Amino acid sequence: MIKRPRRLRQNEVLRKMVRETRIDKSSLIYPMFVREGEGIREEIPSMIGQYRYSVDQMFYELEQVSDAGVNAVMLFGIPAHKDEKASQAYAEDGIIQRALKEAKRRFPDLYYITDVCLCEYTSHGHCGMLCGSSVENDSTLKVLAKTALSHVQAGADMVAPSDMMDGRVKAIRKTLDENNYVNTPIMSYAVKYASGFYAPFRDAADSAPAFGDRKSYQMDYHNSREGIKEVLLDEEEGADIIMVKPALAYLDIIARAKEATNLPIAAYSVSGEYAMIKAAAQKGWIDEAQIVCETAVAAYRAGAQSYLTYFAKELAGYMEEGRIG
Ligand code: PBG
């Protein structure tokens, strides 16, 4: 036998020498939920180990994130008051705006990305402005742009629109540029599928739509070419990073997106992915660390350069131990 693939698998030194996918803590982004109130750290029932923090409690978590060697967080706000206009999304003293100001002051070295969407702020739970029962695209763009600007003014280093309205990247870019934030990057949730994997998140943010679903704006999971259409459009509109979401069931999309654009690709391992792993591990049916490592590496192997995950701190630890890397 001339060719023996097992030759290179004989020991760890050799295996690591020829490893194709190398990952590093610096690529991790940790999503966090911030809520109104004080002294609150409440566990999200469907996301064991994840919490909603009031601003004062958020600091303890930021410290842990930073100690774990994770440099970037993605903040989601849960306002005390929701209305038709999503007014708390862009309020100067809104939850995200206040959280950002405080967090930047206390932990200036962390990198702050904010999710720009309206579903956490609207009384009806849809990601845009309603006209009757339909989500109106163009009137939503102004609100999104206003929201993104208010995040940046409060200190966001990067904004990440997740609403899936057409033309939102362009609208946000224009508003940021007009206000001299030409260097603030936009990470677009460009390829975001209408997915059952978001269910625990909607629990966490109390943002499930009051009626209907999100299929008129989020993508149909039967389609992949349409995903590339979204990638190219967002690139044209000025996106700096392209995100694919969810991650685990969409590895083919990550790979195709990577081929289609030269922009960096981020993959978001969403709440349902986290919840499935946690639940099965709790039952003792899988080994949590093994599965977390394997699913994370799969996203990178498919082509992601950055990875958003609720397991960011744990993954950083696994990298430190040399389990993966
Ligand atoms: C807001 C938003 C959602 C997620 C990220 N931003 C929920 C949704 O679209 O319903 C999901 C993240 C997760 O499930 O972890 N639109």
# chains A, B, ... in the order shown; residues from 1 in each chain; ligands from 1
$ residues_near_ligand --ligand "ligand 1" --cutoff "10 Å" --atoms "only C-alpha atoms and all ligand atoms" --output "PyMOL selection string"
chain A and resi 31-32+47+74-76+114-120+125-128+160-164+189+192-209+213-214+217-218+245-246+268-275+308-310
$ residues_around --residues "Lys170 of chain A" --least-positions-apart "6" --cutoff "10 Å" --atoms "only C-alpha atoms" --output "PDB file with C-alpha atoms, in the first residue's frame"
ATOM      1  CA  LEU A 141     -35.750  51.462   7.365  1.00  0.00           C
ATOM      2  CA  ALA A 145     -31.256  53.649  10.860  1.00  0.00           C
ATOM      3  CA  LEU A 176     -23.927  56.545  10.004  1.00  0.00           C
ATOM      4  CA  LEU A 233     -27.044  42.705  -2.076  1.00  0.00           C
ATOM      5  CA  ASP A 234     -25.707  43.421   1.389  1.00  0.00           C
ATOM      6  CA  GLU A 235     -22.183  43.613   0.069  1.00  0.00           C
ATOM      7  CA  GLU A 236     -23.325  46.176  -2.506  1.00  0.00           C
ATOM      8  CA  GLU A 237     -25.156  48.115   0.177  1.00  0.00           C
ATOM      9  CA  GLY A 238     -21.987  48.440   2.211  1.00  0.00           C
ATOM     10  CA  ALA A 239     -21.968  45.552   4.681  1.00  0.00           C
TER      11      ALA A 239
END
$ select_by_dssp --residues "segment 41-253 of chain A" --states "helix (DSSP H, G or I)" --output "JSON, numbers by chain"
{"A": [55, 56, 57, 58, 59, 60, 61, 62, 63, 64, 65, 66, 67, 87, 88, 89, 95, 96, 97, 98, 99, 100, 101, 102, 103, 104, 105, 106, 137, 138, 139, 140, 141, 142, 143, 144, 145, 146, 147, 148, 149, 150, 151, 152, 153, 154, 168, 169, 170, 171, 172, 173, 174, 175, 176, 177, 178, 196, 197, 198, 199, 200, 201, 202, 203, 204, 205, 225, 226, 227, 228, 229, 230, 231, 232, 233, 234, 235, 236, 237, 248, 249, 250, 251, 252, 253]}
$ atom_distance --atom1 "atom CA of Val152 of chain A" --atom2 "atom CA of Ala190 of chain A"
20.0 Å
$ residues_around --residues "Gly155 of chain A" --least-positions-apart "4" --cutoff "8 Å" --atoms "only C-alpha atoms" --output "list in words"
Gln97, Leu100, Lys101, Lys104, Tyr112 and His151 of chain A
$ write_last_selection --atoms "N, CA and C atoms" --output "mmCIF file, in the first residue's frame"
data_model
loop_
_atom_site.group_PDB
_atom_site.id
_atom_site.type_symbol
_atom_site.label_atom_id
_atom_site.label_comp_id
_atom_site.auth_asym_id
_atom_site.auth_seq_id
_atom_site.Cartn_x
_atom_site.Cartn_y
_atom_site.Cartn_z
ATOM 1 N N GLN A 97 -28.745 51.637 25.117
ATOM 2 C CA GLN A 97 -27.950 52.860 25.150
ATOM 3 C C GLN A 97 -27.294 53.039 26.520
ATOM 4 N N LEU A 100 -24.601 50.297 27.109
ATOM 5 C CA LEU A 100 -23.377 50.582 26.347
ATOM 6 C C LEU A 100 -22.517 51.631 27.036
ATOM 7 N N LYS A 101 -23.172 52.710 27.447
ATOM 8 C CA LYS A 101 -22.412 53.801 28.075
ATOM 9 C C LYS A 101 -21.667 53.292 29.304
ATOM 10 N N LYS A 104 -18.914 50.511 28.381
ATOM 11 C CA LYS A 104 -17.723 51.094 27.751
ATOM 12 C C LYS A 104 -16.846 51.789 28.791
ATOM 13 N N TYR A 112 -17.863 46.112 21.464
ATOM 14 C CA TYR A 112 -19.314 46.029 21.638
ATOM 15 C C TYR A 112 -20.055 46.085 20.307
ATOM 16 N N HIS A 151 -27.337 53.659 18.866
ATOM 17 C CA HIS A 151 -26.402 52.692 19.471
ATOM 18 C C HIS A 151 -24.962 53.198 19.333
#
$ atom_distance --atom1 "atom CA of Leu248 of chain A" --atom2 "atom CA of Gly303 of chain A"
12.4 Å
$ atom_distance --atom1 "atom CA of Ala281 of chain A" --atom2 "atom CA of Arg22 of chain A"
25.7 Å
